[in-house]
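K.L.:
Take a look at final-v4.txt, compact mmCIF, C-alpha atoms:
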# COMPACT_ATOMS: atom_id res chain seq x y z
CA MET A 1 0.00 0.00 0.00
CA CYS A 2 0.92 3.66 -0.34
CA ARG A 3 3.53 5.68 1.56
CA LEU A 4 2.64 8.87 3.44
CA LEU A 5 4.57 11.92 4.62
CA CYS A 6 3.64 15.04 6.58
CA VAL A 7 6.16 17.68 7.70
CA ARG A 8 5.24 20.75 9.73
CA GLY A 9 7.43 23.48 11.19
CA ARG A 10 6.94 26.70 13.12
CA GLU A 11 9.49 28.20 10.74
CA ALA A 12 9.76 27.45 7.04
CA PHE A 13 11.89 24.44 6.11
CA PRO A 14 13.36 23.36 2.72
CA ILE A 15 10.85 21.16 0.89
CA GLU A 16 13.31 19.28 -1.29
CA GLU A 17 15.29 17.81 1.60
CA HIS A 18 12.28 15.95 2.98
CA LEU A 19 11.03 14.86 -0.44
CA ALA A 20 14.47 13.44 -1.23
CA LEU A 21 14.25 11.19 1.83
CA PHE A 22 10.64 10.28 1.08
CA THR A 23 11.67 9.36 -2.47
CA ARG A 24 14.17 6.84 -1.12
CA ILE A 25 11.50 5.32 1.13
CA ALA A 26 9.10 4.89 -1.81
CA ARG A 27 11.78 3.57 -4.16
CA ASP A 28 13.10 1.01 -1.65
CA SER A 29 9.72 -0.09 -0.26
CA ARG A 30 9.00 -3.82 -0.21
CA GLU A 31 5.78 -3.06 -2.11
CA TYR A 32 5.78 -1.18 -5.40
CA GLN A 33 5.06 2.52 -4.84
CA GLY A 34 5.32 3.57 -8.46
CA HIS A 35 1.72 4.27 -9.50
CA GLY A 36 2.30 8.02 -9.36
CA TRP A 37 2.81 10.50 -6.58
CA GLY A 38 1.72 13.90 -5.38
CA CYS A 39 2.42 16.59 -2.83
CA ALA A 40 0.77 19.65 -1.32
CA TRP A 41 2.45 22.56 0.42
CA LEU A 42 1.31 25.82 1.94
CA GLU A 43 2.41 28.99 0.17
CA ASP A 44 1.12 32.39 1.31
CA GLY A 45 -1.73 30.68 3.16
CA ARG A 46 -2.89 28.72 0.11
CA TRP A 47 -2.42 25.13 -0.93
CA ARG A 48 -0.21 24.44 -3.92
CA LEU A 49 -0.52 20.96 -5.38
CA TYR A 50 1.46 18.79 -7.73
CA HIS A 51 0.64 15.34 -9.13
CA ASN A 52 2.49 13.10 -11.55
CA ILE A 53 1.65 9.62 -12.82
CA ARG A 54 5.32 8.64 -12.92
CA PRO A 55 7.01 7.05 -9.90
CA ILE A 56 8.40 9.67 -7.55
CA TRP A 57 11.95 8.37 -8.09
CA GLU A 58 11.63 8.90 -11.87
CA ASP A 59 10.20 12.42 -11.63
CA THR A 60 12.87 15.08 -11.16
CA TRP A 61 10.52 18.02 -10.46
CA ARG A 62 10.24 19.21 -6.88
CA PRO A 63 8.49 22.26 -5.38
CA PRO A 64 10.96 25.12 -5.06
CA GLY A 65 11.79 26.89 -1.84
CA ARG A 66 10.45 26.45 1.67
CA THR A 67 7.16 25.93 3.46
CA THR A 68 5.77 25.42 6.95
CA LEU A 69 3.57 22.44 5.96
CA LEU A 70 4.10 19.67 3.43
CA LEU A 71 2.16 16.48 2.65
CA ALA A 72 3.31 13.87 0.14
CA HIS A 73 1.91 10.56 -1.09
CA ALA A 74 3.44 7.78 -3.19
CA ARG A 75 0.79 5.47 -4.60
CA SER A 76 0.61 1.70 -4.64
CA ALA A 77 -2.74 1.12 -6.34
CA PHE A 78 -4.93 -1.66 -4.95
CA ARG A 79 -4.89 -4.54 -7.46
CA ASP A 80 -3.07 -2.19 -9.88
CA GLU A 81 -6.42 -0.56 -10.69
CA GLY A 82 -7.39 3.05 -11.47
CA ILE A 83 -3.88 4.16 -12.37
CA ARG A 84 -4.66 7.68 -13.52
CA VAL A 85 -3.16 10.94 -12.37
CA GLU A 86 -6.53 12.25 -11.16
CA ASN A 87 -6.59 9.39 -8.62
CA ASN A 88 -3.28 10.44 -7.09
CA MET A 89 -3.32 12.07 -3.69
CA PRO A 90 -3.26 14.49 -1.97
CA PHE A 91 -6.95 15.11 -2.57
CA HIS A 92 -8.01 18.73 -2.09
CA ASP A 93 -11.38 20.29 -1.30
CA GLY A 94 -10.32 23.93 -1.27
CA GLU A 95 -9.55 24.05 2.46
CA ARG A 96 -8.10 20.64 3.30
CA VAL A 97 -5.72 18.16 1.77
CA PHE A 98 -6.00 14.44 2.47
CA ILE A 99 -3.71 11.43 2.10
CA PHE A 100 -4.57 7.80 2.81
CA ASN A 101 -2.84 4.44 3.13
CA GLY A 102 -4.77 1.27 3.75
CA GLU A 103 -6.84 -1.62 2.55
CA LEU A 104 -10.53 -2.18 3.31
CA HIS A 105 -12.62 -5.19 2.30
CA GLY A 106 -16.41 -5.30 2.11
CA VAL A 107 -17.13 -1.60 2.75
CA ARG A 108 -20.84 -0.84 3.06
CA ILE A 109 -21.10 2.93 2.71
CA ARG A 110 -22.59 5.07 -0.06
CA GLU A 111 -20.39 7.98 -0.98
CA ARG A 112 -19.15 9.80 -4.06
CA GLY A 113 -15.56 9.37 -5.18
CA ARG A 114 -13.47 7.84 -7.95
CA ILE A 115 -11.57 5.48 -5.63
CA GLY A 116 -12.02 4.21 -2.10
CA ALA A 117 -9.71 6.77 -0.49
CA GLU A 118 -11.70 9.66 -1.94
CA LYS A 119 -14.92 8.08 -0.71
CA VAL A 120 -13.44 7.83 2.79
CA PHE A 121 -12.47 11.53 2.71
CA ASN A 122 -15.92 12.63 1.57
CA PHE A 123 -17.66 10.36 4.06
CA VAL A 124 -15.66 11.68 7.02
CA LYS A 125 -16.49 15.27 6.05
CA ARG A 126 -20.17 14.50 6.65
CA PHE A 127 -19.36 14.48 10.38
CA ASP A 128 -17.55 17.83 10.45
CA ARG A 129 -19.19 20.28 12.86
CA GLY A 130 -16.14 22.48 13.32
CA ASP A 131 -13.63 20.07 14.85
CA PHE A 132 -12.17 17.80 12.19
CA ARG A 133 -10.51 15.49 14.72
CA ILE A 134 -13.96 14.62 16.05
CA ALA A 135 -15.20 14.19 12.47
CA LEU A 136 -12.39 11.72 11.82
CA GLU A 137 -13.13 9.83 15.02
CA ARG A 138 -16.85 9.52 14.30
CA GLY A 139 -16.57 8.92 10.56
CA LEU A 140 -13.89 6.24 10.85
CA ASP A 141 -15.83 4.50 13.60
CA VAL A 142 -18.81 4.16 11.25
CA ILE A 143 -16.58 2.94 8.42
CA ARG A 144 -15.00 0.29 10.66
CA ARG A 145 -18.43 -0.96 11.75
CA ARG A 146 -19.60 -1.11 8.13
CA THR A 147 -16.51 -2.89 6.79
CA ARG A 148 -15.99 -6.64 6.81
CA TYR A 149 -12.23 -6.36 7.32
CA VAL A 150 -9.94 -3.35 7.78
CA ARG A 151 -6.40 -4.38 7.04
CA ALA A 152 -5.22 -0.80 7.59
CA MET A 153 -6.66 2.71 7.44
CA ASN A 154 -4.09 5.48 7.96
CA ILE A 155 -5.06 9.08 7.22
CA ILE A 156 -3.44 12.51 7.43
CA VAL A 157 -5.53 15.65 6.85
CA ALA A 158 -4.30 19.25 6.96
CA ASP A 159 -5.99 22.60 6.43
CA THR A 160 -4.93 26.08 5.36
CA ALA A 161 -4.71 27.21 9.00
CA GLY A 162 -1.89 24.70 9.50
CA ARG A 163 -3.91 22.23 11.56
CA VAL A 164 -2.97 18.58 11.03
CA HIS A 165 -5.02 15.54 12.04
CA VAL A 166 -3.76 11.97 11.94
CA ALA A 167 -5.54 8.62 12.23
CA GLY A 168 -3.56 5.39 12.51
CA ASN A 169 -5.30 2.01 12.24
CA PHE A 170 -4.06 -1.43 11.27
CA ARG A 171 -5.00 -5.05 11.94
CA GLU A 172 -1.76 -6.67 10.78
CA ASP A 173 1.86 -6.06 9.76
CA PRO A 174 2.79 -3.09 11.98
CA GLU A 175 6.28 -2.95 10.47
CA TYR A 176 4.64 -1.89 7.23
CA PHE A 177 1.42 -0.14 8.22
CA GLN A 178 2.19 1.62 11.50
CA LEU A 179 2.90 5.32 11.09
CA CYS A 180 5.77 6.85 13.03
CA THR A 181 6.72 10.35 14.08
CA SER A 182 9.80 12.36 14.92
CA GLU A 183 11.06 15.85 15.67
CA LEU A 184 13.98 16.61 13.35
CA ASP A 185 15.74 19.97 13.09
CA HIS A 186 12.80 21.72 14.78
CA VAL A 187 10.15 20.28 12.44
CA GLY A 188 7.62 17.55 13.19
CA VAL A 189 7.45 14.60 10.82
CA ILE A 190 4.89 11.84 10.34
CA CYS A 191 5.88 9.14 7.87
CA SER A 192 5.03 5.57 6.93
CA GLU A 193 8.61 4.66 7.82
CA PRO A 194 11.55 6.34 9.55
CA TYR A 195 13.81 8.28 7.25
CA PRO A 196 16.66 6.26 5.71
CA GLY A 197 19.41 5.65 8.20
CA HIS A 198 16.98 5.65 11.15
CA SER A 199 15.36 2.71 12.91
CA ARG A 200 11.69 2.45 13.83
CA ARG A 201 12.88 1.45 17.29
CA GLY A 202 15.60 4.09 17.46
CA PRO A 203 15.53 7.09 19.79
CA ALA A 204 14.65 9.59 17.05
CA TRP A 205 11.36 7.97 15.94
CA SER A 206 8.25 6.85 17.82
CA PRO A 207 5.46 4.61 16.49
CA ILE A 208 1.99 6.17 16.49
CA PRO A 209 -0.18 3.88 18.63
CA ASN A 210 -2.74 1.77 16.83
CA GLY A 211 -6.20 3.30 16.98
CA THR A 212 -4.90 6.87 17.26
CA VAL A 213 -7.07 9.77 16.12
CA ALA A 214 -5.28 12.95 17.15
CA ASN A 215 -4.15 16.45 16.35
CA PHE A 216 -0.50 16.64 15.32
Using structure tokens, write down the structure from this file.
P.N.:
Amino acid sequence: MCRLLCVRGREAFPIEEHLALFTRIARDSREYQGHGWGCAWLEDGRWRLYHNIRPIWEDTWRPPGRTTLLLAHARSAFRDEGIRVENNMPFHDGERVFIFNGELHGVRIRERGRIGAEKVFNFVKRFDRGDFRIALERGLDVIRRRTRYVRAMNIIVADTAGRVHVAGNFREDPEYFQLCTSELDHVGVICSEPYPGHSRRGPAWSPIPNGTVANF
């Protein structure tokens, strides 16, 4: 399944440095992460987005400069289906950007969306009454109850105010599905895996507990 990255700093940080490390994670993943990629970054209080159908390690373009908030997604399409650039995350609704990693079987919800991840995003937004963490908590609870088997369901959502919400869920294979977090050079990082050269059990990185729905 896909690889996720979120980086947030009080001060602006160089985008390319983090994307270079994320590229190595996607390229060296035990599952193929080459069904396209995308990223979103805040610039002057607005989201800028980029998507490409090529694998991230074959695409040389990177956002220039610095930002205080970056999300990136490398796609491993379920059953190699729907491989089109419009299905690449981050998804964007004008205020929020959304990235997803997981696998759900037997989902019984009705929602609009081209692929399952987009349907999850739109479904969760139904529960938004001003606190998106609560919307995530309530929406994902309904999805779990209406799904035969949730192998994993990891989500990161960020808005133009710089708020970040994370949900980490998995039923198997924590080495692959469990998100982890770190504070590096005064920026907070959430990633599917520790950066190259770091261990998941090392002092710099901490696993995000299973079942987490939290503000980051």
K.L.:
Go through A:Gly211, A:Pro196, A:Gly113, A:Pro203 one by one, measure the shortest atom-to-atom distance of each to Leu140 of chain A using only C-alpha atoms, and give the residue with the smallest value.
P.N.:
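Going through A:Gly211, A:Pro196, A:Gly113, A:Pro203 one by one, the smallest distance to Leu140 of chain A is for A:Gly211.
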K.L.:
For Glu175 of chain A, find every residue with an atom within 9 Å (counting only C-alpha atoms), except residues of its own chain fewer than 4 positions away, and show them as a ChimeraX atom specification.
P.N.:
/A:179,193,200
K.L.:
Which distance in Å separates atom CA of Val97 of chain A and atom CA of Arg110 of chain A, to one decimal?
P.N.:
21.4 Å
K.L.:
In terms of the shortest atom-to-atom distance over all atoms listed in the file, which of A:Val187, A:Leu71, A:Cys39, A:Leu4 is closest to His51 of chain A?
P.N.:
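Using all atoms listed in the file, His51 of chain A sits closest to A:Cys39.
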K.L.:
In terms of the shortest atom-to-atom distance over all atoms listed in the file, which of A:Asn101, A:Asn154, A:Thr68, A:Asn122 is closest to Val189 of chain A?
P.N.:
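Checking each candidate against Val189 of chain A, we get A:Thr68 as the closest.
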K.L.:
Mind dumping a table of every segment 134-165 of chain A residue within 10 Å of segment 6-14 of chain A, with the nearest atom pair and its distance in Å to one decimal, using only C-alpha atoms, sorted by chain and rising number, as JSON lines?
P.N.:
{"residue": "A:Ile156", "atom": "CA", "partner": "A:Cys6", "partner_atom": "CA", "distance": 7.6}
{"residue": "A:Val157", "atom": "CA", "partner": "A:Cys6", "partner_atom": "CA", "distance": 9.2}
{"residue": "A:Ala158", "atom": "CA", "partner": "A:Cys6", "partner_atom": "CA", "distance": 9.0}
{"residue": "A:Gly162", "atom": "CA", "partner": "A:Arg8", "partner_atom": "CA", "distance": 8.2}
{"residue": "A:Arg163", "atom": "CA", "partner": "A:Arg8", "partner_atom": "CA", "distance": 9.4}
{"residue": "A:Val164", "atom": "CA", "partner": "A:Arg8", "partner_atom": "CA", "distance": 8.6}
K.L.:
Need the shell around Phe177 of chain A: protein/DNA/RNA residues with any atom at most 8 Å away, counting all atoms listed in the file. Skip same-chain ones fewer than 2 positions apart. Format as a ChimeraX atom specification?
P.N.:
/A:102,152,154,170,172-175,179,192
K.L.:
Could you tell me, as number ranges by chain, which residues have any atom at most 12 Å from (-8.0, 1.4, 4.7), counting all atoms listed in the file?
P.N.:
A: 1-2, 78, 99-107, 115-121, 140, 143-144, 147-155, 167-172, 177
K.L.:
Those residues you just picked out, can you put them in a file as a PDB file, in the frame of the given file with C-alpha atoms?
P.N.:
ATOM      1  CA  MET A   1       0.000   0.000   0.000  1.00  0.00           C
ATOM      2  CA  CYS A   2       0.920   3.660  -0.340  1.00  0.00           C
ATOM      3  CA  PHE A  78      -4.930  -1.660  -4.950  1.00  0.00           C
ATOM      4  CA  ILE A  99      -3.710  11.430   2.100  1.00  0.00           C
ATOM      5  CA  PHE A 100      -4.570   7.800   2.810  1.00  0.00           C
ATOM      6  CA  ASN A 101      -2.840   4.440   3.130  1.00  0.00           C
ATOM      7  CA  GLY A 102      -4.770   1.270   3.750  1.00  0.00           C
ATOM      8  CA  GLU A 103      -6.840  -1.620   2.550  1.00  0.00           C
ATOM      9  CA  LEU A 104     -10.530  -2.180   3.310  1.00  0.00           C
ATOM     10  CA  HIS A 105     -12.620  -5.190   2.300  1.00  0.00           C
ATOM     11  CA  GLY A 106     -16.410  -5.300   2.110  1.00  0.00           C
ATOM     12  CA  VAL A 107     -17.130  -1.600   2.750  1.00  0.00           C
ATOM     13  CA  ILE A 115     -11.570   5.480  -5.630  1.00  0.00           C
ATOM     14  CA  GLY A 116     -12.020   4.210  -2.100  1.00  0.00           C
ATOM     15  CA  ALA A 117      -9.710   6.770  -0.490  1.00  0.00           C
ATOM     16  CA  GLU A 118     -11.700   9.660  -1.940  1.00  0.00           C
ATOM     17  CA  LYS A 119     -14.920   8.080  -0.710  1.00  0.00           C
ATOM     18  CA  VAL A 120     -13.440   7.830   2.790  1.00  0.00           C
ATOM     19  CA  PHE A 121     -12.470  11.530   2.710  1.00  0.00           C
ATOM     20  CA  LEU A 140     -13.890   6.240  10.850  1.00  0.00           C
ATOM     21  CA  ILE A 143     -16.580   2.940   8.420  1.00  0.00           C
ATOM     22  CA  ARG A 144     -15.000   0.290  10.660  1.00  0.00           C
ATOM     23  CA  THR A 147     -16.510  -2.890   6.790  1.00  0.00           C
ATOM     24  CA  ARG A 148     -15.990  -6.640   6.810  1.00  0.00           C
ATOM     25  CA  TYR A 149     -12.230  -6.360   7.320  1.00  0.00           C
ATOM     26  CA  VAL A 150      -9.940  -3.350   7.780  1.00  0.00           C
ATOM     27  CA  ARG A 151      -6.400  -4.380   7.040  1.00  0.00           C
ATOM     28  CA  ALA A 152      -5.220  -0.800   7.590  1.00  0.00           C
ATOM     29  CA  MET A 153      -6.660   2.710   7.440  1.00  0.00           C
ATOM     30  CA  ASN A 154      -4.090   5.480   7.960  1.00  0.00           C
ATOM     31  CA  ILE A 155      -5.060   9.080   7.220  1.00  0.00           C
ATOM     32  CA  ALA A 167      -5.540   8.620  12.230  1.00  0.00           C
ATOM     33  CA  GLY A 168      -3.560   5.390  12.510  1.00  0.00           C
ATOM     34  CA  ASN A 169      -5.300   2.010  12.240  1.00  0.00           C
ATOM     35  CA  PHE A 170      -4.060  -1.430  11.270  1.00  0.00           C
ATOM     36  CA  ARG A 171      -5.000  -5.050  11.940  1.00  0.00           C
ATOM     37  CA  GLU A 172      -1.760  -6.670  10.780  1.00  0.00           C
ATOM     38  CA  PHE A 177       1.420  -0.140   8.220  1.00  0.00           C
TER      39      PHE A 177
END
K.L.:
Excluding Gly197 of chain A and any residue of its chain fewer than 5 positions from it, enumerate the residues within 12 Å of it, using all atoms listed in the file, and give them as a count of residues only.
P.N.:
6
K.L.:
Could you check how far atom CA of Asn87 of chain A sits from atom CA of His165 of chain A, in Å to one decimal?
P.N.:
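A separation of 21.6 Å between them.
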K.L.:
Between atom CA of His198 of chain A and atom CA of Arg54 of chain A, what distance in Å does the model show, to one decimal?
P.N.:
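Atom-to-atom, atom CA of His198 of chain A to atom CA of Arg54 of chain A, that is 26.9 Å.
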K.L.:
Name the closest residue to Gly188 of chain A among the candidates A:Leu69, A:Gln33, A:Pro55, A:Pro63; distances are taken between atoms, counting all atoms listed in the file.
P.N.:
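So, comparing all the options, the nearest one is A:Leu69.
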K.L.:
I'd like to know which of A:Ala77, A:Ala72, A:Ala20, A:Val85 is closest to Tyr32 of chain A, using all atoms listed in the file.
P.N.:
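Smallest distance to Tyr32 of chain A is found for A:Ala77.
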K.L.:
Point out the residue among A:Arg46, A:Arg108, A:His73, A:Arg66 with the least atom-to-atom distance to Gly34 of chain A, counting only C-alpha atoms.
P.N.:
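Counting only C-alpha atoms, the residue closest to Gly34 of chain A is A:His73.
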